[in-house]
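See below for final.pdb, which holds PDB, C-alpha atoms.
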```
ATOM      1  CA  GLY A   1       1.346-127.769  70.254
ATOM      2  CA  PHE A   2       3.109-125.039  72.174
ATOM      3  CA  THR A   3       6.372-126.955  72.494
ATOM      4  CA  HIS A   4       6.359-127.639  68.761
ATOM      5  CA  TRP A   5       5.777-123.929  68.027
ATOM      6  CA  ALA A   6       8.493-122.939  70.524
ATOM      7  CA  LYS A   7      11.008-125.305  68.888
ATOM      8  CA  LEU A   8      10.211-123.938  65.421
ATOM      9  CA  ASN A   9      10.397-120.359  66.644
ATOM     10  CA  ASN A  10      13.729-121.003  68.351
ATOM     11  CA  LEU A  11      15.109-122.581  65.175
ATOM     12  CA  LYS A  12      13.951-119.605  63.103
ATOM     13  CA  GLN A  13      15.588-117.182  65.537
ATOM     14  CA  ALA A  14      18.800-119.211  65.453
ATOM     15  CA  ALA A  15      18.797-119.182  61.637
ATOM     16  CA  LYS A  16      18.210-115.418  61.538
ATOM     17  CA  THR A  17      21.020-114.895  64.028
ATOM     18  CA  ILE A  18      23.457-117.052  62.074
ATOM     19  CA  ASN A  19      22.499-115.292  58.823
ATOM     20  CA  PHE A  20      23.047-111.886  60.410
ATOM     21  CA  LEU A  21      26.443-112.896  61.774
ATOM     22  CA  THR A  22      27.469-114.306  58.395
ATOM     23  CA  GLU A  23      26.243-111.279  56.435
ATOM     24  CA  HIS A  24      28.168-108.905  58.701
ATOM     25  CA  GLY A  25      31.330-111.001  58.765
ATOM     26  CA  ILE A  26      31.248-111.638  62.504
ATOM     27  CA  SER A  27      32.984-114.880  63.325
ATOM     28  CA  SER A  28      33.498-114.642  67.093
ATOM     29  CA  TYR A  29      31.669-113.479  70.163
ATOM     30  CA  GLY A  30      34.446-110.954  70.828
ATOM     31  CA  GLU A  31      33.877-109.345  67.421
ATOM     32  CA  LEU A  32      30.172-109.085  68.163
ATOM     33  CA  GLU A  33      30.882-107.470  71.541
ATOM     34  CA  SER A  34      33.379-104.999  70.061
ATOM     35  CA  LYS A  35      30.968-104.036  67.273
ATOM     36  CA  LEU A  36      28.184-103.516  69.829
ATOM     37  CA  THR A  37      30.514-101.440  72.031
ATOM     38  CA  ALA A  38      31.563 -99.269  69.068
ATOM     39  CA  LEU A  39      27.939 -98.706  68.038
ATOM     40  CA  SER A  40      26.945 -97.834  71.591
ATOM     41  CA  ALA A  41      29.821 -95.357  71.847
ATOM     42  CA  TRP A  42      28.817 -93.778  68.522
ATOM     43  CA  ARG A  43      25.211 -93.515  69.690
ATOM     44  CA  ASP A  44      26.221 -91.997  73.040
ATOM     45  CA  THR A  45      28.566 -89.482  71.377
ATOM     46  CA  ALA A  46      25.845 -88.352  68.975
ATOM     47  CA  HIS A  47      23.393 -88.044  71.873
ATOM     48  CA  ALA A  48      25.818 -85.940  73.912
ATOM     49  CA  GLU A  49      26.469 -83.651  70.935
ATOM     50  CA  ILE A  50      22.721 -83.243  70.379
ATOM     51  CA  LYS A  51      22.291 -82.240  74.013
ATOM     52  CA  ARG A  52      25.160 -79.724  73.705
ATOM     53  CA  ILE A  53      23.581 -78.194  70.588
ATOM     54  CA  GLU A  54      20.171 -78.006  72.269
ATOM     55  CA  SER A  55      21.735 -76.251  75.240
ATOM     56  CA  ARG A  56      23.529 -73.727  73.016
ATOM     57  CA  SER A  57      20.346 -73.153  70.988
ATOM     58  CA  ALA A  58      18.356 -72.442  74.150
ATOM     59  CA  GLU A  59      21.039 -70.050  75.353
ATOM     60  CA  LEU A  60      21.156 -68.305  71.981
ATOM     61  CA  THR A  61      17.361 -68.002  71.879
ATOM     62  CA  LEU A  62      17.432 -66.383  75.315
ATOM     63  CA  VAL A  63      20.150 -63.953  74.225
ATOM     64  CA  MET A  64      18.110 -63.077  71.123
ATOM     65  CA  LYS A  65      15.041 -62.393  73.268
ATOM     66  CA  HIS A  66      16.918 -60.126  75.684
ATOM     67  CA  ALA A  67      18.802 -58.412  72.858
ATOM     68  CA  GLY A  68      15.512 -57.625  71.109
ATOM     69  CA  THR A  69      14.137 -56.096  74.293
ATOM     70  CA  TYR A  70      17.381 -54.184  74.842
ATOM     71  CA  ARG A  71      17.412 -52.752  71.325
ATOM     72  CA  ARG A  72      13.729 -51.862  71.444
ATOM     73  CA  LEU A  73      13.986 -49.969  74.755
ATOM     74  CA  LYS A  74      17.466 -48.441  74.319
ATOM     75  CA  PRO A  75      16.148 -45.133  72.864
ATOM     76  CA  LEU A  76      13.780 -44.753  75.831
ATOM     77  CA  TYR A  77      16.604 -45.400  78.290
ATOM     78  CA  ASP A  78      18.872 -42.924  76.488
ATOM     79  CA  ARG A  79      16.144 -40.264  76.742
ATOM     80  CA  TYR A  80      15.829 -41.068  80.453
ATOM     81  CA  ARG A  81      19.580 -40.689  81.018
ATOM     82  CA  HIS A  82      19.653 -37.349  79.192
ATOM     83  CA  SER A  83      16.474 -35.929  80.730
ATOM     84  CA  ARG A  84      16.732 -32.953  83.079
ATOM     85  CA  ASP A  85      14.016 -34.200  85.447
ATOM     86  CA  LYS A  86      14.827 -37.884  85.877
ATOM     87  CA  GLU A  87      12.168 -38.436  88.558
ATOM     88  CA  LYS A  88       9.360 -37.146  86.372
ATOM     89  CA  PHE A  89      10.580 -39.127  83.357
ATOM     90  CA  LEU A  90      10.960 -42.268  85.512
ATOM     91  CA  ARG A  91       7.364 -41.957  86.786
ATOM     92  CA  GLY A  92       6.084 -41.801  83.223
ATOM     93  CA  HIS A  93       8.208 -44.636  81.802
ATOM     94  CA  GLU A  94       9.100 -46.744  84.813
ATOM     95  CA  SER A  95       8.065 -50.156  83.415
ATOM     96  CA  GLY A  96      10.068 -49.701  80.186
ATOM     97  CA  ILE A  97      13.174 -48.590  82.073
ATOM     98  CA  ILE A  98      12.935 -51.509  84.523
ATOM     99  CA  ILE A  99      12.526 -53.986  81.656
ATOM    100  CA  PHE A 100      15.489 -52.438  79.815
ATOM    101  CA  GLU A 101      17.737 -52.679  82.903
ATOM    102  CA  ALA A 102      16.667 -56.278  83.503
ATOM    103  CA  ALA A 103      17.463 -57.176  79.875
ATOM    104  CA  ALA A 104      20.865 -55.477  80.181
ATOM    105  CA  ARG A 105      21.626 -57.448  83.402
ATOM    106  CA  GLU A 106      20.622 -60.735  81.760
ATOM    107  CA  LEU A 107      22.774 -60.029  78.703
ATOM    108  CA  LYS A 108      25.756 -59.392  80.991
ATOM    109  CA  LYS A 109      25.051 -62.653  82.865
ATOM    110  CA  LEU A 110      24.912 -64.542  79.574
ATOM    111  CA  GLY A 111      28.177 -62.989  78.408
ATOM    112  CA  ALA A 112      26.587 -61.249  75.437
ATOM    113  CA  VAL A 113      28.482 -57.993  75.881
ATOM    114  CA  PRO A 114      29.178 -56.445  73.433
ATOM    115  CA  LEU A 115      25.791 -57.181  71.970
ATOM    116  CA  PRO A 116      26.038 -59.577  68.991
ATOM    117  CA  SER A 117      24.176 -58.672  65.832
ATOM    118  CA  ALA A 118      20.774 -60.215  65.238
ATOM    119  CA  GLU A 119      21.942 -61.586  61.879
ATOM    120  CA  SER A 120      24.924 -63.393  63.398
ATOM    121  CA  MET A 121      22.756 -64.943  66.109
ATOM    122  CA  GLU A 122      20.134 -66.054  63.583
ATOM    123  CA  LYS A 123      22.848 -67.507  61.351
ATOM    124  CA  GLU A 124      24.379 -69.439  64.263
ATOM    125  CA  LEU A 125      20.947 -70.695  65.325
ATOM    126  CA  SER A 126      20.248 -71.840  61.776
ATOM    127  CA  GLU A 127      23.594 -73.663  61.602
ATOM    128  CA  LEU A 128      22.934 -75.320  64.951
ATOM    129  CA  THR A 129      19.496 -76.470  63.790
ATOM    130  CA  THR A 130      20.953 -77.949  60.598
ATOM    131  CA  LYS A 131      23.717 -79.724  62.511
ATOM    132  CA  LYS A 132      21.216 -81.024  65.081
ATOM    133  CA  ASP A 133      18.992 -82.455  62.326
ATOM    134  CA  MET A 134      21.967 -84.314  60.814
ATOM    135  CA  LEU A 135      23.012 -85.613  64.227
ATOM    136  CA  LEU A 136      19.468 -86.757  64.992
ATOM    137  CA  ALA A 137      19.457 -88.833  61.811
ATOM    138  CA  GLU A 138      22.841 -90.339  62.775
ATOM    139  CA  TYR A 139      21.654 -90.950  66.326
ATOM    140  CA  ARG A 140      18.499 -92.737  65.180
ATOM    141  CA  ALA A 141      20.515 -94.923  62.809
ATOM    142  CA  ALA A 142      23.078 -95.749  65.501
ATOM    143  CA  ARG A 143      20.368 -96.476  68.066
ATOM    144  CA  SER A 144      18.541 -98.773  65.651
ATOM    145  CA  GLU A 145      21.706-100.610  64.679
ATOM    146  CA  ALA A 146      22.790-100.942  68.327
ATOM    147  CA  GLN A 147      19.397-102.406  69.215
ATOM    148  CA  GLU A 148      19.732-104.872  66.356
ATOM    149  CA  TYR A 149      23.192-105.952  67.517
ATOM    150  CA  GLU A 150      21.976-106.174  71.121
ATOM    151  CA  THR A 151      19.160-108.483  70.015
ATOM    152  CA  ILE A 152      21.651-110.621  68.094
ATOM    153  CA  ARG A 153      23.941-110.768  71.153
ATOM    154  CA  GLN A 154      21.019-111.884  73.316
ATOM    155  CA  ASN A 155      20.134-114.545  70.738
ATOM    156  CA  VAL A 156      23.744-115.764  70.671
ATOM    157  CA  ASP A 157      23.776-115.868  74.482
ATOM    158  CA  ALA A 158      20.557-117.870  74.446
ATOM    159  CA  LEU A 159      21.939-120.251  71.804
ATOM    160  CA  LEU A 160      25.162-120.778  73.717
ATOM    161  CA  SER A 161      23.368-121.371  76.996
ATOM    162  CA  ALA A 162      20.735-123.707  75.506
ATOM    163  CA  PRO A 163      22.961-126.816  75.534
ATOM    164  CA  GLU A 164      23.910-126.114  79.152
ATOM    165  CA  LYS A 165      20.242-125.861  80.157
ATOM    166  CA  GLN A 166      19.422-129.127  78.369
ATOM    167  CA  GLU A 167      22.291-130.853  80.187
ATOM    168  CA  GLN A 168      21.049-129.536  83.544
ATOM    169  CA  GLN A 169      17.519-130.781  82.782
ATOM    170  CA  ARG A 170      18.856-134.224  81.918
ATOM    171  CA  ARG A 171      20.830-134.387  85.176
ATOM    172  CA  HIS A 172      17.780-133.290  87.112
ATOM    173  CA  GLU A 173      15.601-135.940  85.415
ATOM    174  CA  LEU A 174      18.167-138.652  86.204
ATOM    175  CA  GLU A 175      18.213-137.752  89.899
TER
END
```
What would the structure in this file look like if it were written as structure tokens?
Amino acid sequence: GFTHWAKLNNLKQAAKTINFLTEHGISSYGELESKLTALSAWRDTAHAEIKRIESRSAELTLVMKHAGTYRRLKPLYDRYRHSRDKEKFLRGHESGIIIFEAAARELKKLGAVPLPSAESMEKELSELTTKKDMLLAEYRAARSEAQEYETIRQNVDALLSAPEKQEQQRRHELE
């Protein structure tokens, strides 16, 4: 029973593979390989671009966080710089001044000097999110199509190697 099912299943897979190749106009193994290579390259390019956008978004989010802290504590720091008794002022507002200086250092490290406007950063983040969503849709489509072509290539490999395996079994049975 199992051998009968296996033969029928193999024939169905072969028919599906042949139909796929015919529908997509693929007439040689080389064409199949080149199509699979192109799809894999497209998928990998989309994935790399998604990673780049995610990295830039994370960086931009960090800049926005530090810029918010910087803007919020800037008046306090200005009062500290202009105070006559800096020691007394520092004792009363030490945590705010330390946080402000840390935010300023981080902004310099991130290359956000001069400080970009909040609106421009939010606009860029929004554009990056939109672009990432489009790329994710492309990536999913490319990944799905590449998997489909990979399955077809494996089926073709199995079909091409099947006669060789049958010949080897016959030789083995004759010996």
Residue neighbourhood stretch 99-101 of chain A, 9 Å, all atoms listed in the file, exclusion window fewer than 4 positions, as a ChimeraX atom specification: /A:66,69-74,76-77,94-95,105-106
Selection: 12 Å around A:Ala58, all atoms listed in the file, excl. self and same-chain fewer than 2 positions, as an NGL selection string: :A and (51-56 or 60-65 or 110 or 121 or 124-125 or 128-129)
Neighbour list for stretch 148-159 of chain A as a ChimeraX atom specification, cut-off 10 Å, all atoms listed in the file, skip fewer than 5 positions in-chain: /A:10-11,13-14,16-18,20-21,29,32-33,35-37,39-40,142-143,164-165
May I have the selected residues written with C-alpha atoms, as a compact mmCIF listing (two decimals), in the frame of the given file?
```txt
# COMPACT_ATOMS: atom_id res chain seq x y z
CA ASN A 10 13.73 -121.00 68.35
CA LEU A 11 15.11 -122.58 65.18
CA GLN A 13 15.59 -117.18 65.54
CA ALA A 14 18.80 -119.21 65.45
CA LYS A 16 18.21 -115.42 61.54
CA THR A 17 21.02 -114.90 64.03
CA ILE A 18 23.46 -117.05 62.07
CA PHE A 20 23.05 -111.89 60.41
CA LEU A 21 26.44 -112.90 61.77
CA TYR A 29 31.67 -113.48 70.16
CA LEU A 32 30.17 -109.08 68.16
CA GLU A 33 30.88 -107.47 71.54
CA LYS A 35 30.97 -104.04 67.27
CA LEU A 36 28.18 -103.52 69.83
CA THR A 37 30.51 -101.44 72.03
CA LEU A 39 27.94 -98.71 68.04
CA SER A 40 26.94 -97.83 71.59
CA ALA A 142 23.08 -95.75 65.50
CA ARG A 143 20.37 -96.48 68.07
CA GLU A 164 23.91 -126.11 79.15
CA LYS A 165 20.24 -125.86 80.16
```
Atom pair atom CA of A:Trp42 / atom CA of A:Met134: separation (Å):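 Separation between atom CA of A:Trp42 and atom CA of A:Met134: 14.0 Å.
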The PyMOL selection byres ((chain A and resi 138) around 12) resolved against shown file, as a PyMOL selection string: chain A and resi 39+42-47+49-50+131-137+139-146
Shell of 9 Å around A:His93, all atoms listed in the file, local chain residues under 5 positions omitted, as number ranges by chain: A: 76, 80, 88, 98
Selection above as a file: C-alpha atoms, as a tab-separated table (two decimals), keeping the file's coordinate frame:
```tsv
chain	number	residue	atom	x	y	z
A	76	LEU	CA	13.78	-44.75	75.83
A	80	TYR	CA	15.83	-41.07	80.45
A	88	LYS	CA	9.36	-37.15	86.37
A	98	ILE	CA	12.94	-51.51	84.52
```
From A:Ala103, A:Ser28, A:Ala67, A:Asp78, residue lying nearest A:Pro116 [only C-alpha atoms]: A:Ala67
Separation of atom CA of A:Pro75 from atom CA of A:Glu87 in Å: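 Between atom CA of A:Glu87 and atom CA of A:Pro75 the gap works out to 17.5 Å.
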d(atom CA of A:Ala102, atom CA of A:Ser57) in Å: 21.3 Å
